[in-house]
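*Asks:* Dropping in protein-v4.cif, with mmCIF, C-alpha atoms.
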```
data_entry
loop_
_atom_site.label_atom_id
_atom_site.label_comp_id
_atom_site.auth_asym_id
_atom_site.auth_seq_id
_atom_site.Cartn_x
_atom_site.Cartn_y
_atom_site.Cartn_z
CA MET Y 904 -29.36 22.24 4.83
CA GLU Y 905 -30.55 25.77 5.52
CA GLU Y 906 -29.21 28.85 3.78
CA GLN Y 907 -27.44 30.14 6.90
CA GLU Y 908 -25.71 26.79 7.32
CA LEU Y 909 -24.49 26.86 3.74
CA ARG Y 910 -23.35 30.46 4.21
CA ALA Y 911 -21.39 29.37 7.29
CA PHE Y 912 -19.48 26.78 5.25
CA VAL Y 913 -18.69 29.44 2.63
CA GLU Y 914 -17.30 31.75 5.32
CA ILE Y 915 -15.28 28.96 6.91
CA VAL Y 916 -13.69 27.95 3.59
CA ASN Y 917 -12.84 31.58 2.82
CA GLN Y 918 -11.38 32.03 6.28
CA TYR Y 919 -9.30 28.86 6.00
CA PHE Y 920 -7.55 29.92 2.79
CA GLU Y 921 -7.17 33.56 3.82
CA ARG Y 922 -5.63 32.73 7.22
CA GLN Y 923 -3.36 29.99 5.91
CA THR Y 924 -2.22 31.64 2.69
CA GLY Y 925 -3.30 35.29 2.64
CA ARG Y 926 -5.24 34.62 -0.56
CA LEU Y 927 -8.97 33.99 -0.83
CA PRO Y 928 -10.18 31.20 -3.11
CA ASP Y 929 -12.47 31.92 -6.07
CA LEU Y 930 -15.70 30.37 -4.92
CA GLY Y 931 -18.20 29.06 -7.44
CA THR Y 932 -21.95 28.94 -6.96
CA PRO Y 933 -23.00 26.18 -4.55
CA TYR Y 934 -25.30 23.56 -6.01
CA LEU Y 935 -27.12 20.39 -5.03
CA GLY Y 936 -25.75 17.11 -6.33
CA GLU Y 937 -26.96 13.53 -6.43
CA PRO Y 938 -24.94 11.11 -4.26
CA SER Y 939 -23.88 9.26 -7.41
CA ALA Y 940 -22.47 12.36 -9.15
CA LEU Y 941 -20.28 14.21 -6.70
CA PRO Y 942 -16.93 15.83 -7.55
CA ILE Y 943 -13.81 13.86 -6.71
CA TYR Y 944 -10.27 15.08 -7.44
CA ASP Y 945 -6.87 13.56 -6.70
CA PHE Y 946 -7.04 13.59 -2.89
CA THR Y 947 -10.11 13.66 -0.65
CA GLY Y 948 -10.37 14.08 3.12
CA VAL Y 949 -13.63 12.68 4.50
CA ILE Y 950 -15.08 13.52 7.91
CA GLY Y 951 -17.93 11.38 9.21
CA ILE Y 952 -20.56 13.35 11.11
CA SER Y 953 -22.70 11.91 13.89
CA GLY Y 954 -24.97 13.51 16.45
CA ASN Y 955 -27.52 16.13 15.46
CA ARG Y 956 -26.74 16.11 11.69
CA PRO Y 957 -25.44 12.69 10.65
CA GLY Y 958 -23.74 12.38 7.30
CA CYS Y 959 -20.36 13.47 6.04
CA VAL Y 960 -18.32 16.47 4.97
CA TYR Y 961 -15.46 16.08 2.54
CA PHE Y 962 -12.84 18.30 0.92
CA THR Y 963 -11.43 17.13 -2.40
CA ALA Y 964 -8.62 18.79 -4.36
CA HIS Y 965 -6.21 18.50 -7.23
CA ARG Y 966 -2.67 17.46 -6.38
CA ASP Y 967 -1.22 20.79 -7.58
CA LEU Y 968 -3.52 22.80 -5.34
CA LEU Y 969 -2.40 20.79 -2.34
CA ARG Y 970 1.27 21.14 -3.31
CA ASN Y 971 0.86 24.92 -3.56
CA LEU Y 972 -0.96 25.02 -0.27
CA LEU Y 973 1.79 23.05 1.46
CA LEU Y 974 4.40 25.48 0.17
CA ARG Y 975 2.36 28.44 1.34
CA VAL Y 976 2.14 27.07 4.88
CA GLY Y 977 5.92 26.60 4.94
CA GLU Y 978 6.00 22.83 4.55
CA PRO Y 979 8.83 21.72 2.24
CA ASP Y 980 7.90 18.02 2.12
CA LEU Y 981 5.58 17.62 -0.88
CA SER Y 982 5.28 13.84 -0.68
CA ASP Y 983 1.97 12.05 -1.22
CA ASP Y 984 1.91 11.28 2.50
CA ASN Y 985 1.91 14.99 3.26
CA LEU Y 986 -0.66 15.74 0.54
CA SER Y 987 -2.93 13.15 2.18
CA ASP Y 988 -2.24 14.62 5.60
CA LEU Y 989 -3.08 18.11 4.34
CA VAL Y 990 -6.36 17.22 2.64
CA GLY Y 991 -7.45 15.44 5.82
CA GLU Y 992 -6.48 18.40 7.94
CA VAL Y 993 -8.40 20.83 5.71
CA ALA Y 994 -11.51 18.66 5.99
CA ASN Y 995 -11.04 18.34 9.74
CA THR Y 996 -10.57 22.08 10.23
CA ILE Y 997 -13.58 23.08 8.14
CA SER Y 998 -15.82 20.49 9.85
CA GLY Y 999 -14.58 21.41 13.32
CA ASN Y 1000 -15.08 25.11 12.68
CA ALA Y 1001 -18.66 24.35 11.58
CA ARG Y 1002 -19.49 23.57 15.20
CA ARG Y 1003 -19.74 27.33 15.68
CA VAL Y 1004 -23.02 27.03 13.77
CA PHE Y 1005 -24.11 23.43 14.36
CA GLY Y 1006 -23.10 23.25 18.03
CA PRO Y 1007 -21.21 20.64 20.05
CA ASP Y 1008 -23.61 17.85 19.04
CA PHE Y 1009 -22.16 18.08 15.52
CA MET Y 1010 -19.72 15.25 16.23
CA ILE Y 1011 -16.84 14.84 13.82
CA SER Y 1012 -14.68 11.79 13.20
CA VAL Y 1013 -10.97 11.72 12.52
CA PRO Y 1014 -10.33 12.19 8.79
CA VAL Y 1015 -10.27 9.32 6.33
CA VAL Y 1016 -8.20 10.13 3.24
CA VAL Y 1017 -8.96 8.66 -0.16
CA ALA Y 1018 -6.58 9.00 -3.08
CA GLY Y 1019 -8.51 9.07 -6.33
CA ASN Y 1020 -11.05 6.29 -5.78
CA ALA Y 1021 -14.56 7.76 -5.68
CA LYS Y 1022 -16.11 4.41 -4.80
CA ALA Y 1023 -14.42 4.45 -1.42
CA ILE Y 1024 -16.33 7.56 -0.30
CA GLN Y 1025 -19.53 6.80 1.54
CA VAL Y 1026 -22.18 9.53 1.54
CA PRO Y 1027 -25.80 9.22 2.67
CA ARG Y 1028 -27.83 7.88 -0.29
CA ASN Y 1029 -31.12 9.47 0.77
CA VAL Y 1030 -30.12 13.15 0.74
CA LYS Y 1031 -28.69 15.44 -1.88
CA ALA Y 1032 -25.31 16.93 -1.07
CA TYR Y 1033 -24.38 20.60 -1.18
CA ILE Y 1034 -21.30 21.19 -3.30
CA LEU Y 1035 -19.20 24.31 -2.99
CA PRO Y 1036 -16.77 24.44 -5.93
CA LEU Y 1037 -13.67 26.58 -5.64
CA ARG Y 1038 -10.48 27.47 -7.46
CA TRP Y 1039 -7.24 28.53 -5.82
CA HIS Y 1040 -4.15 29.34 -7.89
CA LYS Y 1041 -6.14 28.14 -10.94
CA GLN Y 1042 -6.57 24.65 -9.46
CA GLU Y 1043 -9.92 23.13 -8.65
CA ALA Y 1044 -11.24 21.78 -5.39
CA ALA Y 1045 -14.63 21.37 -3.74
CA LEU Y 1046 -16.22 21.10 -0.35
CA VAL Y 1047 -19.10 18.62 -0.20
CA ALA Y 1048 -21.55 18.55 2.71
CA SER Y 1049 -24.06 15.71 2.84
CA LEU Y 1050 -26.00 16.10 6.07
CA GLN Y 1051 -29.38 14.77 7.17
CA MET G 503 17.91 25.28 26.67
CA GLY G 504 14.48 26.89 27.01
CA LEU G 505 11.25 25.22 27.89
CA LYS G 506 10.71 21.60 26.87
CA LEU G 507 7.80 21.10 24.46
CA MET G 508 5.67 18.09 23.59
CA ILE G 509 3.43 18.28 20.48
CA VAL G 510 0.36 16.03 20.26
CA ASP G 511 -1.54 16.11 16.96
CA ASP G 512 -2.54 13.48 14.41
CA SER G 513 -1.38 15.71 11.53
CA ASN G 514 2.30 15.60 10.64
CA ILE G 515 1.96 18.99 8.96
CA ILE G 516 0.55 20.60 12.11
CA ARG G 517 3.25 18.99 14.26
CA SER G 518 5.91 20.38 11.92
CA LYS G 519 4.37 23.85 11.88
CA ILE G 520 4.18 24.01 15.67
CA ALA G 521 7.75 22.72 16.01
CA ARG G 522 9.13 25.21 13.46
CA THR G 523 7.33 28.13 15.08
CA LEU G 524 8.07 27.43 18.71
CA SER G 525 11.67 26.33 18.13
CA ARG G 526 12.30 29.91 17.09
CA HIS G 527 10.95 31.02 20.47
CA ASP G 528 13.41 29.26 22.71
CA MET G 529 11.48 26.01 23.05
CA ALA G 530 12.99 22.57 22.51
CA VAL G 531 10.76 19.81 21.13
CA VAL G 532 11.38 16.79 23.35
CA ALA G 533 8.54 14.59 22.06
CA THR G 534 5.83 14.39 19.42
CA ALA G 535 2.82 12.09 19.32
CA GLY G 536 0.10 11.36 16.78
CA ASP G 537 -2.57 10.34 19.27
CA GLY G 538 -3.35 10.44 22.97
CA GLU G 539 -2.12 6.94 23.76
CA GLU G 540 1.27 7.65 22.24
CA ALA G 541 1.44 10.91 24.19
CA VAL G 542 0.72 9.19 27.49
CA ARG G 543 3.39 6.56 26.75
CA GLN G 544 6.05 9.21 26.09
CA PHE G 545 5.08 11.80 28.67
CA SER G 546 6.88 10.54 31.77
CA ALA G 547 10.20 9.99 30.01
CA ALA G 548 10.08 13.25 28.02
CA ARG G 549 9.06 15.38 31.03
CA PRO G 550 7.89 18.39 28.99
CA ASP G 551 7.13 21.77 30.54
CA VAL G 552 4.54 22.58 27.88
CA VAL G 553 2.20 20.45 25.75
CA THR G 554 0.23 21.46 22.65
CA MET G 555 -2.79 19.18 22.40
CA ASP G 556 -5.13 18.40 19.51
CA LEU G 557 -8.59 17.14 20.50
CA THR G 558 -9.87 14.99 17.63
CA MET G 559 -7.41 12.10 17.37
CA PRO G 560 -7.59 8.33 16.88
CA ARG G 561 -7.35 5.83 19.77
CA MET G 562 -7.39 8.40 22.61
CA ASP G 563 -8.81 11.90 22.13
CA GLY G 564 -7.31 15.07 23.52
CA LEU G 565 -9.64 15.52 26.49
CA GLU G 566 -8.92 12.03 27.81
CA CYS G 567 -5.23 12.60 27.20
CA ILE G 568 -5.25 15.87 29.16
CA ARG G 569 -6.78 14.04 32.14
CA ALA G 570 -4.13 11.33 31.91
CA LEU G 571 -1.21 13.78 31.65
CA ARG G 572 -2.54 15.86 34.54
CA ARG G 573 -2.54 12.78 36.76
CA VAL G 574 1.17 12.33 36.05
CA ASN G 575 2.16 15.99 36.29
CA PRO G 576 -0.43 18.50 37.51
CA GLN G 577 2.02 21.36 36.86
CA VAL G 578 2.44 20.88 33.11
CA HIS G 579 1.17 23.72 30.89
CA ILE G 580 -1.30 22.55 28.22
CA LEU G 581 -2.39 24.56 25.18
CA VAL G 582 -5.21 22.98 23.20
CA VAL G 583 -4.83 23.51 19.43
CA SER G 584 -8.03 22.29 17.81
CA ALA G 585 -10.46 22.88 14.96
CA LEU G 586 -13.43 22.39 17.30
CA ALA G 587 -14.57 25.98 17.42
CA ASP G 588 -17.61 25.92 19.69
CA LYS G 589 -17.48 27.52 23.12
CA ALA G 590 -18.69 24.40 24.93
CA THR G 591 -15.64 22.44 23.79
CA ALA G 592 -13.25 25.20 24.82
CA ILE G 593 -14.87 25.41 28.25
CA GLN G 594 -14.71 21.64 28.67
CA ALA G 595 -11.02 21.58 27.72
CA LEU G 596 -10.28 24.26 30.30
CA LYS G 597 -12.24 22.32 32.93
CA GLU G 598 -10.20 19.20 32.17
CA GLY G 599 -6.99 21.09 32.88
CA ALA G 600 -5.88 22.93 29.75
CA GLN G 601 -4.89 26.54 30.36
CA GLY G 602 -5.26 27.86 26.83
CA PHE G 603 -7.22 27.19 23.63
CA LEU G 604 -6.12 28.07 20.10
CA CYS G 605 -8.51 27.43 17.23
CA LYS G 606 -7.32 26.05 13.89
CA PRO G 607 -6.55 27.40 11.36
CA PHE G 608 -3.83 29.44 13.05
CA SER G 609 -0.94 31.58 11.92
CA GLU G 610 2.53 31.49 13.45
CA ALA G 611 1.72 34.81 15.15
CA ASP G 612 -1.49 33.32 16.60
CA LEU G 613 0.49 30.42 18.05
CA THR G 614 3.24 32.51 19.62
CA GLU G 615 0.66 34.89 21.07
CA ALA G 616 -1.32 32.00 22.56
CA MET G 617 1.87 30.51 24.00
CA ASP G 618 2.93 33.87 25.47
CA GLU G 619 -0.47 34.14 27.14
CA LEU G 620 -0.24 30.57 28.43
CA LEU G 621 3.16 31.19 30.01
CA GLY G 622 2.53 34.80 30.97
CA ASP G 623 2.37 34.17 34.68
CA ASP G 624 5.69 32.28 34.82
#
```
Output the file's structure in the form of structure tokens.
*Replies:*
Amino acid sequence: MEEQELRAFVEIVNQYFERQTGRLPDLGTPYLGEPSALPIYDFTGVIGISGNRPGCVYFTAHRDLLRNLLLRVGEPDLSDDNLSDLVGEVANTISGNARRVFGPDFMISVPVVVAGNAKAIQVPRNVKAYILPLRWHKQEAALVASLQ
Amino acid sequence: MGLKLMIVDDSNIIRSKIARTLSRHDMAVVATAGDGEEAVRQFSAARPDVVTMDLTMPRMDGLECIRALRRVNPQVHILVVSALADKATAIQALKEGAQGFLCKPFSEADLTEAMDELLGDD
């Protein structure tokens, strides 16, 4: 992934939290990770990518971050179903917004949500993934982009 | 009662947010659907004046759903609410028969402004 593509993901993540909550996340330094050692928190929304950059993009977050985020968007139902819905929607929104940079051939799937189980997340084995760690309200999350 | 609204989105949270926001603006939610097929099934009976339409959904996507709804009622107002932020997608949605396009993530003010623009000529 090129630097400008990585920068685009950083801007999109910032924009998501600022527009939804009025509060920017604390972004960590992006780094490259091996497919076997990627961050996974309580809930993960995975978007499969096909077209010009096949692979996947996922957003993974602690339960408490998602609960806070739900409250900030005015949603009173903090059930696990809604936490799953939210993490999928965050992943979908970030991936969809990335088409500003990658173009309409950056084809995104509907989200698949995984609760806890890292083994259920399929990422390309032949490329390193970019990991953007972040904290919001002192809770950790990460965006992972594994694109060929 | 104000205008009748149908909300089509595979996210329950987004459906709730749209319903909460537009209910405060004299719209009555007459149907919600989590995918295009469900929307098509409900459309004739619900007879909405306005539809908010996601694009990336399971079973039937938003563009195909817009075409199907237009065949039933060419007069219905359709606002696309989608994360797909590239211009080509917005142009395609408008060609298929949507009259407005709102990009996710959106605030309540963004949604009401987009709806006001959509209905401005009425």
*Asks:* Determine, counting only C-alpha atoms, which protein, DNA and RNA residues have an atom within 9 Å of an atom of Ser513 of chain G; residues of the same chain fewer than 5 positions away are not included. Present the result as a short mmCIF file (atom, residue, chain, number, x, y, z; two decimals) with C-alpha atoms, in the frame of the given file.
*Replies:*
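What follows is the written file part_0.cif:
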```
data_model
loop_
_atom_site.label_atom_id
_atom_site.label_comp_id
_atom_site.auth_asym_id
_atom_site.auth_seq_id
_atom_site.Cartn_x
_atom_site.Cartn_y
_atom_site.Cartn_z
CA ASN Y 985 1.91 14.99 3.26
CA ASP Y 988 -2.24 14.62 5.60
CA LEU Y 989 -3.08 18.11 4.34
CA GLY Y 991 -7.45 15.44 5.82
CA GLU Y 992 -6.48 18.40 7.94
CA SER G 518 5.91 20.38 11.92
CA GLY G 536 0.10 11.36 16.78
#
```
*Asks:* I'd like the residues picked by the PyMOL selection byres ((chain G) within 6 of (chain Y)) written out as a list in words, using the chain letters and numbers from the file.
*Replies:*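 What the PyMOL selection byres ((chain G) within 6 of (chain Y)) grabs from the file is Ala585, Leu586, Ala587 and Asp588 of chain G.
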*Asks:* Evaluate the PyMOL selection byres ((chain G and resi 532) around 7) and record the selected residues as a list of chain:residue names, following the chain and residue labels used in the document.
*Replies:* G:Lys506, G:Leu507, G:Met508, G:Ala530, G:Val531, G:Ala533, G:Ala548, G:Pro550
*Asks:* Might you pull out every residue within 9 Å of segment 574-577 of chain G, with all atoms listed in the file counted and same-chain residues fewer than 2 positions away left off, and present them as a PyMOL selection string?
*Replies:* chain G and resi 545-546+549+551+570-572+579+599
*Asks:* Let me know the residues the PyMOL selection byres ((chain Y and resi 925-929) around 12) catches in the file above, as a ChimeraX atom specification.
*Replies:* /Y:913-924,930-932,968,971-972,975-976,1035-1045 /G:608-609
*Asks:* Identify which of the residues G:Val582, G:Cys605, G:Met617, G:Ala611 lies closest to Leu557 of chain G, counting only C-alpha atoms when measuring atom-to-atom distances.
*Replies:* G:Val582
*Asks:* With distances taken over all atoms listed in the file, which residue among Y:Val1016, Y:Leu909, Y:Leu974, Y:Leu969 lies nearest Tyr934 of chain Y?
*Replies:*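 The closest residue to Tyr934 of chain Y is Y:Leu909.
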*Asks:* Calculate how many Å separate atom CA of Ile580 of chain G from atom CA of Val949 of chain Y, rounding to one decimal.
*Replies:*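 Between atom CA of Ile580 of chain G and atom CA of Val949 of chain Y the gap is 28.5 Å.
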